$ cat coords_39.txt   # compact mmCIF, C-alpha atoms
# COMPACT_ATOMS: atom_id res chain seq x y z
CA MET A 1 13.30 -6.51 27.04
CA PRO A 2 15.79 -7.77 24.45
CA THR A 3 19.21 -6.23 24.03
CA SER A 4 19.89 -4.17 20.92
CA ALA A 5 21.90 -7.06 19.48
CA GLU A 6 19.05 -9.52 20.07
CA TRP A 7 16.57 -7.07 18.56
CA LEU A 8 18.74 -6.62 15.47
CA ALA A 9 18.99 -10.40 15.01
CA VAL A 10 15.21 -10.75 14.98
CA ARG A 11 14.90 -7.70 12.72
CA ALA A 12 17.30 -9.31 10.24
CA HIS A 13 15.24 -12.52 10.32
CA LEU A 14 12.08 -10.50 9.67
CA LEU A 15 13.62 -8.72 6.68
CA GLU A 16 14.92 -11.95 5.19
CA HIS A 17 11.70 -13.94 5.57
CA ARG A 18 8.94 -11.30 5.29
CA HIS A 19 6.96 -13.04 2.56
CA ARG A 20 6.98 -16.46 4.23
CA LEU A 21 6.07 -14.96 7.59
CA ALA A 22 3.17 -13.03 6.03
CA VAL A 23 1.79 -16.20 4.47
CA GLU A 24 2.11 -18.05 7.78
CA ALA A 25 0.56 -15.21 9.80
CA VAL A 26 -2.77 -15.72 8.00
CA ALA A 27 -3.30 -18.72 10.28
CA GLU A 28 -3.67 -16.32 13.22
CA TYR A 29 -6.97 -15.10 11.69
CA PRO A 30 -9.04 -18.13 10.65
CA ASP A 31 -12.32 -16.20 10.93
CA VAL A 32 -11.27 -13.08 8.99
CA PRO A 33 -12.11 -13.08 5.24
CA ARG A 34 -9.28 -12.97 2.71
CA VAL A 35 -9.13 -11.21 -0.65
CA ALA A 36 -9.22 -13.37 -3.79
CA GLY A 37 -7.47 -16.35 -2.20
CA THR A 38 -4.43 -14.29 -1.16
CA PRO A 39 -3.07 -13.62 2.35
CA LEU A 40 -4.66 -10.14 2.43
CA LEU A 41 -7.29 -9.89 5.18
CA THR A 42 -10.43 -7.82 4.71
CA SER A 43 -13.84 -6.80 5.97
CA PRO A 44 -16.95 -7.58 3.88
CA ASP A 45 -17.88 -3.87 4.06
CA TRP A 46 -14.67 -3.01 2.19
CA MET A 47 -15.16 -5.22 -0.86
CA PRO A 48 -17.49 -4.12 -3.69
CA ALA A 49 -18.93 -6.74 -6.04
CA GLU A 50 -17.50 -4.91 -9.05
CA PRO A 51 -15.03 -2.09 -9.74
CA VAL A 52 -16.20 1.29 -8.43
CA PRO A 53 -15.06 4.52 -10.12
CA LEU A 54 -12.78 6.28 -7.64
CA ALA A 55 -14.82 9.48 -7.97
CA GLU A 56 -17.82 7.71 -6.40
CA LEU A 57 -16.02 7.34 -3.05
CA THR A 58 -16.72 10.16 -0.61
CA LEU A 59 -14.45 11.34 2.21
CA GLU A 60 -15.08 13.00 5.56
CA ARG A 61 -12.70 14.44 8.16
CA ARG A 62 -13.32 14.11 11.91
CA GLU A 63 -11.36 14.36 15.12
CA SER A 64 -9.39 11.18 15.83
CA PRO A 65 -10.74 9.44 18.95
CA GLU A 66 -8.49 7.91 21.57
CA LEU A 67 -7.49 4.30 20.98
CA PRO A 68 -7.30 1.50 23.56
CA ALA A 69 -3.96 1.32 25.34
CA LEU A 70 -1.69 -1.31 23.78
CA PRO A 71 1.35 -2.95 25.35
CA VAL A 72 4.80 -1.85 24.24
CA ALA A 73 6.32 -4.96 22.68
CA ALA A 74 9.27 -6.00 20.53
CA VAL A 75 11.28 -2.99 21.69
CA PRO A 76 14.92 -3.29 22.81
CA ASP A 77 16.11 -2.11 26.19
CA GLY A 78 16.47 1.66 26.35
CA PHE A 79 13.86 2.53 23.70
CA GLY A 80 10.28 3.61 24.25
CA SER A 81 8.86 2.64 20.85
CA TYR A 82 9.56 0.46 17.87
CA SER A 83 10.00 3.46 15.57
CA ALA A 84 12.61 4.92 17.92
CA ALA A 85 14.54 1.65 17.83
CA MET A 86 14.34 1.52 14.05
CA ALA A 87 15.52 5.10 13.70
CA ALA A 88 18.53 4.48 15.95
CA LEU A 89 19.51 0.91 15.06
CA ALA A 90 18.14 0.00 11.63
CA SER A 91 16.87 3.07 9.84
CA PRO A 92 16.11 2.64 6.13
CA ALA A 93 16.98 5.46 3.73
CA VAL A 94 13.35 6.65 3.64
CA PHE A 95 12.03 6.94 7.21
CA GLN A 96 10.17 10.12 8.17
CA ASN A 97 7.33 10.63 10.64
CA ARG A 98 4.95 12.50 8.33
CA GLU A 99 1.38 13.41 9.27
CA THR A 100 -1.13 10.98 7.76
CA TYR A 101 -4.87 10.52 7.46
CA ARG A 102 -5.98 7.84 9.93
CA LEU A 103 -8.91 5.66 8.87
CA LEU A 104 -11.80 5.85 11.34
CA GLY A 105 -14.58 4.13 9.42
CA PHE A 106 -15.76 2.87 6.05
CA THR A 107 -19.46 2.42 5.30
CA GLY A 108 -20.73 1.76 1.79
CA ARG A 109 -18.68 4.14 -0.34
CA HIS A 110 -18.04 6.69 2.41
CA LEU A 111 -14.70 6.84 4.25
CA THR A 112 -14.07 8.76 7.46
CA PHE A 113 -10.57 9.87 8.42
CA GLY A 114 -8.89 11.66 11.29
CA LEU A 115 -5.24 12.63 11.63
CA GLY A 116 -2.37 10.37 12.61
CA THR A 117 1.32 9.90 11.90
CA TYR A 118 3.38 7.42 9.92
CA PHE A 119 5.16 6.17 13.03
CA ASP A 120 1.80 5.32 14.63
CA GLY A 121 1.57 2.46 12.17
CA ILE A 122 5.20 1.43 12.61
CA ASP A 123 4.85 1.26 16.39
CA VAL A 124 1.98 -1.21 16.14
CA GLY A 125 2.20 -3.00 12.79
CA GLU A 126 5.95 -3.37 12.38
CA ALA A 127 6.25 -4.21 16.07
CA CYS A 128 3.66 -6.97 15.60
CA ALA A 129 5.64 -8.31 12.65
CA HIS A 130 8.83 -8.30 14.75
CA GLU A 131 7.01 -9.99 17.60
CA TYR A 132 5.79 -12.72 15.22
CA ALA A 133 9.26 -13.20 13.70
CA GLY A 134 10.78 -13.56 17.17
CA GLN A 135 8.46 -16.45 18.12
CA ALA A 136 8.45 -15.44 21.80
CA GLY A 137 4.76 -14.79 22.40
CA LEU A 138 2.33 -12.38 20.75
CA PRO A 139 0.99 -10.01 23.45
CA LEU A 140 0.72 -6.98 21.17
CA ARG A 141 -0.96 -8.93 18.37
CA ALA A 142 -3.41 -10.42 20.86
CA ALA A 143 -4.21 -6.96 22.25
CA VAL A 144 -4.93 -5.60 18.77
CA GLY A 145 -7.41 -8.38 18.01
CA ASP A 146 -9.19 -8.01 14.67
CA PRO A 147 -6.69 -6.12 12.47
CA CYS A 148 -9.53 -4.90 10.22
CA ASP A 149 -11.18 -2.97 13.06
CA PRO A 150 -9.95 0.67 13.00
CA ARG A 151 -11.21 1.13 16.56
CA ARG A 152 -8.47 -1.19 17.84
CA ARG A 153 -5.31 0.35 16.34
CA PRO A 154 -4.10 3.35 14.33
CA VAL A 155 -4.84 2.60 10.66
CA ASN A 156 -2.74 4.40 8.08
CA VAL A 157 -4.04 3.64 4.60
CA ALA A 158 -1.76 3.23 1.60
CA ILE A 159 -3.27 3.69 -1.85
CA SER A 160 -1.93 0.83 -3.97
CA THR A 161 -2.46 1.31 -7.70
CA LEU A 162 -2.12 -1.26 -10.44
CA THR A 163 -1.25 0.77 -13.53
CA LEU A 164 -2.43 -0.76 -16.81
CA ARG A 165 -1.22 0.54 -20.17
CA HIS A 166 -4.00 -0.53 -22.54
CA ASP A 167 -3.64 -0.77 -26.31
CA GLU A 168 -7.23 -0.43 -27.44
CA VAL A 169 -6.40 -1.59 -30.99
CA SER A 170 -4.75 -4.90 -30.07
CA GLY A 171 -6.62 -5.29 -26.78
CA GLU A 172 -3.36 -6.03 -25.00
CA ALA A 173 -2.43 -4.52 -21.65
CA THR A 174 0.80 -4.28 -19.69
CA PHE A 175 1.43 -3.55 -16.02
CA TYR A 176 4.25 -2.27 -13.84
CA LEU A 177 5.71 -3.56 -10.60
CA HIS A 178 8.10 -2.26 -7.99
CA TRP A 179 10.78 -4.28 -6.20
CA ARG A 180 11.14 -2.63 -2.80
CA ASP A 181 14.75 -2.40 -1.67
CA PRO A 182 14.99 -3.47 2.01
CA LYS A 183 17.86 -1.01 2.54
CA ARG A 184 15.68 1.90 1.50
CA VAL A 185 12.18 1.25 2.86
CA GLY A 186 10.70 0.67 6.30
CA HIS A 187 7.97 -1.68 5.11
CA ALA A 188 7.80 -4.66 2.73
CA GLY A 189 11.46 -4.60 1.75
CA GLY A 190 12.58 -7.42 -0.54
CA MET A 191 9.10 -7.85 -2.00
CA PHE A 192 7.30 -6.95 -5.21
CA GLN A 193 4.43 -4.47 -5.15
CA VAL A 194 2.24 -2.69 -7.69
CA LEU A 195 3.20 0.80 -8.78
CA PRO A 196 2.63 3.48 -7.56
CA VAL A 197 1.86 3.14 -3.84
CA GLY A 198 1.73 5.87 -1.23
CA VAL A 199 0.39 6.40 2.27
CA PHE A 200 -2.68 8.63 2.15
CA GLN A 201 -1.48 12.01 3.37
CA GLY A 202 -1.86 15.60 2.31
CA THR A 203 0.57 18.35 1.45
CA SER A 204 -1.60 21.10 2.96
CA GLU A 205 -4.67 21.55 5.16
CA ALA A 206 -6.91 21.66 2.08
CA ASP A 207 -5.33 18.68 0.29
CA PHE A 208 -7.71 15.91 1.36
CA SER A 209 -8.07 13.88 -1.85
CA LEU A 210 -7.31 10.27 -2.76
CA TRP A 211 -6.65 11.25 -6.37
CA HIS A 212 -4.29 14.10 -5.50
CA CYS A 213 -2.27 11.71 -3.36
CA MET A 214 -2.15 9.24 -6.26
CA ILE A 215 -1.03 11.91 -8.74
CA ARG A 216 1.93 12.79 -6.53
CA GLU A 217 2.92 9.13 -6.27
CA PHE A 218 2.73 8.69 -10.06
CA ALA A 219 5.15 11.59 -10.48
CA GLU A 220 7.51 10.49 -7.72
CA GLU A 221 7.62 6.72 -8.21
CA MET A 222 7.30 6.46 -11.99
CA LEU A 223 9.04 9.63 -13.16
CA GLY A 224 11.51 10.07 -10.32
CA ALA A 225 10.22 13.49 -9.24
CA GLU A 226 11.45 14.78 -5.91
CA GLU A 227 8.95 14.44 -3.07
CA ILE A 228 6.14 16.91 -3.66
CA HIS A 229 5.11 18.97 -0.63
CA SER A 230 2.93 21.67 -2.18
CA VAL A 231 1.37 21.98 -5.62
CA ASP A 232 -1.48 23.65 -7.48
CA TYR A 233 -3.10 20.68 -9.21
CA GLY A 234 -5.14 22.90 -11.50
CA ALA A 235 -2.00 24.57 -12.85
CA TRP A 236 0.22 21.45 -12.96
CA PRO A 237 0.23 20.13 -16.56
CA PHE A 238 1.10 16.56 -15.51
CA ALA A 239 -1.82 16.47 -13.05
CA GLN A 240 -4.24 17.80 -15.68
CA GLN A 241 -3.07 15.36 -18.35
CA LEU A 242 -3.10 12.34 -16.03
CA THR A 243 -6.58 13.22 -14.79
CA GLU A 244 -7.84 13.36 -18.37
CA ALA A 245 -6.10 10.15 -19.41
CA ALA A 246 -6.68 7.75 -16.50
CA ARG A 247 -9.80 5.74 -15.75
CA VAL A 248 -9.43 4.93 -12.06
CA PHE A 249 -11.32 2.27 -10.09
CA TYR A 250 -11.56 1.11 -6.48
CA LEU A 251 -11.56 -2.70 -6.08
CA GLY A 252 -11.41 -3.12 -2.30
CA MET A 253 -9.27 -2.74 0.78
CA GLY A 254 -7.32 -5.15 2.95
CA VAL A 255 -4.82 -5.68 5.75
CA ASP A 256 -1.48 -7.45 5.61
CA PRO A 257 -1.63 -10.29 8.18
CA LEU A 258 1.99 -9.78 9.30
CA THR A 259 2.39 -6.00 9.50
CA PHE A 260 -1.25 -4.78 9.49
CA ALA A 261 -0.39 -2.47 6.59
CA THR A 262 -3.76 -1.42 5.19
CA ASP A 263 -4.11 -0.82 1.45
CA MET A 264 -6.83 0.60 -0.75
CA LEU A 265 -6.73 -1.45 -3.95
CA THR A 266 -7.10 0.72 -7.05
CA VAL A 267 -6.53 0.34 -10.79
CA ALA A 268 -5.60 3.10 -13.24
CA VAL A 269 -6.20 2.23 -16.89
CA ILE A 270 -4.48 4.51 -19.40
CA GLU A 271 -4.72 4.21 -23.19
CA ALA A 272 -1.34 3.29 -24.70
CA SER A 273 -0.54 6.46 -26.65
CA ARG A 274 -1.55 8.69 -23.73
CA PHE A 275 0.46 6.54 -21.35
CA ASP A 276 3.53 6.86 -23.56
CA ALA A 277 3.14 10.63 -23.67
CA LEU A 278 2.91 10.82 -19.89
CA PHE A 279 5.49 8.19 -18.96
CA GLY A 280 7.93 8.14 -21.85
CA GLU A 281 10.67 8.82 -19.31
CA LEU A 282 9.63 6.06 -16.90
CA VAL A 283 12.49 5.47 -14.47
CA SER A 284 14.20 2.12 -13.91
CA HIS A 285 14.87 2.92 -10.22
CA ASN A 286 13.41 5.34 -7.69
CA GLU A 287 14.08 6.19 -4.05
CA GLU A 288 12.45 2.98 -2.87
CA GLY A 289 13.69 0.36 -5.34
CA GLN A 290 13.56 -0.98 -8.90
CA VAL A 291 10.75 -0.48 -11.41
CA LEU A 292 9.76 -3.51 -13.51
CA ARG A 293 8.22 -2.18 -16.69
CA GLY A 294 5.84 -3.42 -19.33
CA LEU A 295 4.90 -6.88 -18.04
CA PRO A 296 2.13 -8.40 -20.18
CA PHE A 297 -1.16 -8.52 -18.28
CA THR A 298 -1.75 -12.24 -18.84
CA ALA A 299 -3.00 -15.15 -16.77
CA ALA A 300 0.53 -16.54 -16.60
CA ASN A 301 2.06 -13.33 -15.25
CA VAL A 302 -0.78 -12.80 -12.79
CA GLU A 303 -0.37 -16.34 -11.50
CA ARG A 304 3.39 -15.87 -11.26
CA PHE A 305 3.26 -12.75 -9.10
CA VAL A 306 0.23 -13.79 -7.07
CA HIS A 307 1.47 -17.27 -6.17
CA ARG A 308 5.14 -17.80 -7.05
CA GLU A 309 7.01 -14.56 -6.38
CA PRO A 310 7.47 -12.75 -3.04
CA THR A 311 4.74 -10.21 -3.73
CA GLN A 312 3.29 -8.06 -0.97
CA ALA A 313 -0.17 -9.30 0.04
CA ALA A 314 -1.88 -6.14 -1.24
CA GLY A 315 -0.18 -6.39 -4.62
CA ALA A 316 -1.06 -10.05 -5.00
CA ALA A 317 -4.68 -9.37 -4.09
CA LEU A 318 -4.91 -6.43 -6.47
CA LEU A 319 -3.48 -8.40 -9.38
CA SER A 320 -5.88 -11.26 -8.69
CA LEU A 321 -8.91 -8.95 -8.43
CA ALA A 322 -7.93 -6.99 -11.54
CA TRP A 323 -7.65 -10.20 -13.53
CA GLN A 324 -11.11 -11.28 -12.33
CA HIS A 325 -12.53 -7.89 -13.40
CA ARG A 326 -10.38 -7.41 -16.51
CA GLU A 327 -13.30 -7.17 -18.96
CA ALA A 328 -14.93 -4.34 -17.01
CA LEU A 329 -11.63 -2.57 -16.38
CA LEU A 330 -10.41 -2.69 -19.97
CA LYS A 331 -13.71 -1.80 -21.60
CA PRO A 332 -13.05 1.55 -23.40
$ encode --input "coords_39.txt" --output "structure tokens"
Amino acid sequence: MPTSAEWLAVRAHLLEHRHRLAVEAVAEYPDVPRVAGTPLLTSPDWMPAEPVPLAELTLERRESPELPALPVAAVPDGFGSYSAAMAALASPAVFQNRETYRLLGFTGRHLTFGLGTYFDGIDVGEACAHEYAGQAGLPLRAAVGDPCDPRRRPVNVAISTLTLRHDEVSGEATFYLHWRDPKRVGHAGGMFQVLPVGVFQGTSEADFSLWHCMIREFAEEMLGAEEIHSVDYGAWPFAQQLTEAARVFYLGMGVDPLTFATDMLTVAVIEASRFDALFGELVSHNEEGQVLRGLPFTAANVERFVHREPTQAAGAALLSLAWQHREALLKP
């Protein structure tokens, strides 16, 4: 096992070169499909031919089965897991082991989830990224095998949403990105991502809803609301107004080749005047980084953030897919 100092040196290299390493890690999976020419890996079962209204996806809860035993790798001497090492030696500002919904299966438009924890994903995915950055063998990555198979590893799903403000008179649309501060986040620091994004988790036993999770992230990441732990969505004016205003679509799902972060790719289209009423106090910074506001949704900007900026694989894939489907998405 490495010493803490050696581990920190590799961790620093990972943080500094995340985007390049993610692009290079694609080569480890020559037989796994990619999304829209980006590094994001996927399964054919996850990718619809056209945008699907979010409401057409159905969810089911089951008991989480046991997973195959995986080797403990990329952990410094004296620590039993990667998350424990991160917490002690390199903890970002936001690093909590919350309960999550663990993906068990996805068939057609039906998703099955069990329960897991946030650190489950860190202990496998971030450890695999560290292992890859250290260039000293890939035993954990080899043991995981196909990263798109939820039977091989714990799969926490983040809901990544491209938010489009659409002026139906001019036909123009703008979008919003997030620069993730590496000092504040445990994943994808130093990279651009769409906005908002949040790991699929509930605030109560009854809160098992993709849309409810997205509403909370809109409030927290775009309006700077404190983390929401319990809410009555029917009585929350913001939730009611956002539900009425947003047309929300599912475009696919994919896996980051470096960290195995798994993202549902969604788009929320909101008419300009309703967007302004909801997000007139859009923040410039939140707990996880900087908000880039009002970027024109044009071929040039899509190309820039898909191919020329250090954009997280899921964000690049979502921008590329949304541009391909822009006529269907922006049709009033």
$ residues_around --input "coords_39.txt" --residues "Pro296 in chain A" --least-positions-apart "3" --cutoff "9 Å" --atoms "only C-alpha atoms" --output "PyMOL selection string"
chain A and resi 172-175+301
$ residues_around --input "coords_39.txt" --residues "range 66-73 of chain A" --least-positions-apart "4" --cutoff "9 Å" --atoms "only C-alpha atoms" --output "short mmCIF file (atom, residue, chain, number, x, y, z; two decimals) with C-alpha atoms, in the frame of the given file"
data_model
loop_
_atom_site.label_atom_id
_atom_site.label_comp_id
_atom_site.auth_asym_id
_atom_site.auth_seq_id
_atom_site.Cartn_x
_atom_site.Cartn_y
_atom_site.Cartn_z
CA MET A 1 13.30 -6.51 27.04
CA GLY A 80 10.28 3.61 24.25
CA SER A 81 8.86 2.64 20.85
CA TYR A 82 9.56 0.46 17.87
CA ASP A 123 4.85 1.26 16.39
CA VAL A 124 1.98 -1.21 16.14
CA ALA A 127 6.25 -4.21 16.07
CA CYS A 128 3.66 -6.97 15.60
CA HIS A 130 8.83 -8.30 14.75
CA GLU A 131 7.01 -9.99 17.60
CA LEU A 138 2.33 -12.38 20.75
CA PRO A 139 0.99 -10.01 23.45
CA LEU A 140 0.72 -6.98 21.17
CA ALA A 143 -4.21 -6.96 22.25
CA VAL A 144 -4.93 -5.60 18.77
CA ARG A 151 -11.21 1.13 16.56
CA ARG A 152 -8.47 -1.19 17.84
CA ARG A 153 -5.31 0.35 16.34
CA PRO A 154 -4.10 3.35 14.33
#
$ residues_near_point --input "coords_39.txt" --point "(-16.6, 6.4, 0.8)" --cutoff "9 Å" --atoms "all atoms listed in the file" --output "list of chain:residue names"
A:Glu56, A:Leu57, A:Thr58, A:Leu59, A:Glu60, A:Phe106, A:Thr107, A:Gly108, A:Arg109, A:His110, A:Leu111, A:Thr112
$ residues_near_point --input "coords_39.txt" --point "(-1.0, -11.9, -15.5)" --cutoff "10 Å" --atoms "only C-alpha atoms" --output "JSON, numbers by chain"
{"A": [173, 174, 175, 295, 296, 297, 298, 299, 300, 301, 302, 303, 304, 305, 306, 319, 320, 322, 323]}
$ residues_around --input "coords_39.txt" --residues "Thr100 in chain A" --least-positions-apart "6" --cutoff "9 Å" --atoms "all atoms listed in the file" --output "PyMOL selection string"
chain A and resi 114-118+156-157+199-202
$ axis_aligned_box --input "coords_39.txt" --around "range 285-299 of chain A" --padding-each-side "5 Å" --output "JSON"
{"center_x": 5.9, "center_y": -4.5, "center_z": -11.5, "size_x": 27.9, "size_y": 31.3, "size_z": 27.3}
$ residues_around --input "coords_39.txt" --residues "Met47 in chain A" --least-positions-apart "4" --cutoff "7 Å" --atoms "all atoms listed in the file" --output "list in words"
Leu251, Gly252 and Met253 of chain A
$ closest_residue --input "coords_39.txt" --among "A:Cys148, A:Pro182, A:Val269, A:Ser209" --to "Arg34 in chain A" --atoms "all atoms listed in the file"
A:Cys148
$ closest_residue --input "coords_39.txt" --among "A:Gly78, A:Pro39, A:Pro51, A:Gly125" --to "Lys331 in chain A" --atoms "all atoms listed in the file"
A:Pro51
$ atom_distance --input "coords_39.txt" --atom1 "CA of Pro48 in chain A" --atom2 "CA of Tyr250 in chain A"
8.4 Å
$ residues_around --input "coords_39.txt" --residues "range 234-242 of chain A" --least-positions-apart "3" --cutoff "9 Å" --atoms "all atoms listed in the file" --output "ChimeraX atom specification"
/A:212,215-216,219,231,245-246,270,274-275,278
$ atom_distance --input "coords_39.txt" --atom1 "CA of Phe192 in chain A" --atom2 "CA of Met214 in chain A"
18.8 Å
$ atom_distance --input "coords_39.txt" --atom1 "CA of Ser64 in chain A" --atom2 "CA of Arg98 in chain A"
16.2 Å
$ closest_residue --input "coords_39.txt" --among "A:Lys183, A:Pro30, A:Gly294, A:Ala313" --to "Ala90 in chain A" --atoms "all atoms listed in the file"
A:Lys183
$ closest_residue --input "coords_39.txt" --among "A:Asp45, A:Phe260, A:Ala314, A:Glu244" --to "Ile122 in chain A" --atoms "all atoms listed in the file"
A:Phe260
$ closest_residue --input "coords_39.txt" --among "A:Asp149, A:Glu288, A:Glu50, A:Asp207" --to "Arg184 in chain A" --atoms "only C-alpha atoms"
A:Glu288
$ closest_residue --input "coords_39.txt" --among "A:Asn97, A:Ser91, A:Ser273, A:Gln193" --to "Arg165 in chain A" --atoms "all atoms listed in the file"
A:Ser273
